[in-house]
Amino acid sequence: MKRYVGAILAGVLIAASASAGMYYEAKTTAQGGRGADAQRATVRAWVDDDNAKVEFVETGNPLLTAGGYMLTRDGGETMYFVNPKDKTYAKYDVKAMMQFAGGMTRMVNLKITNPRVEKLEERPGGLVLGMPVIYYKFRTSYGSSMSVMGFKSESQTETVQEMWVVSELLGRAFGTWLRKEPPSMGDPEMDRLIALEIGKVQGVPLKMVTTSTVTERKKGRTETTSVTMEVTKLETVPVPESTFVIPANYTETQLVPLGEGGQEGDDNPFSKMFGGKKKG
């Protein structure tokens, strides 16, 4: 569940458009812990003001599809998942998906307690891709409990995150996931944790190193996962307007949440993000 929520929140940092836009490539690697491979990804994107396109070149996440891309023309207020292979697209409603995730957490009685975000360090971070950045170091901690069919588990999570942030790239498309109004899952403590995480910095991280340690309270067993996201290329380029236009011959589909409306033989219903039920 934590990885699922992370997939919703963490996904995309930037996107694409016309005239004097920007192009970037980013790579995410992970090691240790269950599900680390699912966080592996390589993306490339084009950004211009409110327009953005982020293509998933490679991904280990079963919820995403290599070759598919996300598209926005209004700074992330409205987003679409596009599947060139099937020639389909689906509107992505952040609020609805967060409400769905909140429903899933209630099904497993997931509770978050004592969420806390501490700034450990802030200083000039030198140059990344030729741009001056600010280095931040944060520690996030919270307790969690989950109960399913009489089986209950409790754990404590501590995450240390290092970030190299550039503040100049403040276009709305770059800030798709840095919203002024954080999305709500309907649980006060979970919403508080999300708000604390989203409000940590102003700007765009060009590099992030996140190390999370989860300790099971009863067994005392620990699991540590380290994830590194790094923008490997960033340049100003002319981007044609057509970059942000969904082809006219693509069919709109309905974005179906996990576990709802899966087609027969589809072992990954959430893959409908890149081509689900066709309307009409």
# chains A, B, ... in the order shown; residues from 1 in each chain; ligands from 1
>>> residues_around(residues="A:Ala38", least_positions_apart="2", cutoff="7 Å", atoms="only C-alpha atoms", output="ChimeraX atom specification")
/A:35-36,40,60-62
>>> write_last_selection(atoms="C-alpha atoms", output="PDB file, in the first residue's frame")
ATOM      1  CA  GLY A  35       9.581  -3.782  -4.529  1.00  0.00           C
ATOM      2  CA  ALA A  36      12.770  -1.822  -5.175  1.00  0.00           C
ATOM      3  CA  ARG A  40      13.266   1.808 -11.446  1.00  0.00           C
ATOM      4  CA  GLY A  60      10.018  -1.578 -13.611  1.00  0.00           C
ATOM      5  CA  ASN A  61       6.669  -0.409 -12.248  1.00  0.00           C
ATOM      6  CA  PRO A  62       3.847  -2.794 -13.256  1.00  0.00           C
TER       7      PRO A  62
END
>>> residues_around(residues="A:Thr72", least_positions_apart="2", cutoff="9 Å", atoms="only C-alpha atoms", output="JSON, numbers by chain")
{"A": [15, 16, 50, 51, 52, 53, 70, 74, 75, 76, 77, 78, 79, 80, 173, 244]}
>>> residues_around(residues="A:Pro132", least_positions_apart="4", cutoff="10 Å", atoms="only C-alpha atoms", output="NGL selection string")
:A and (124-128 or 164-168)
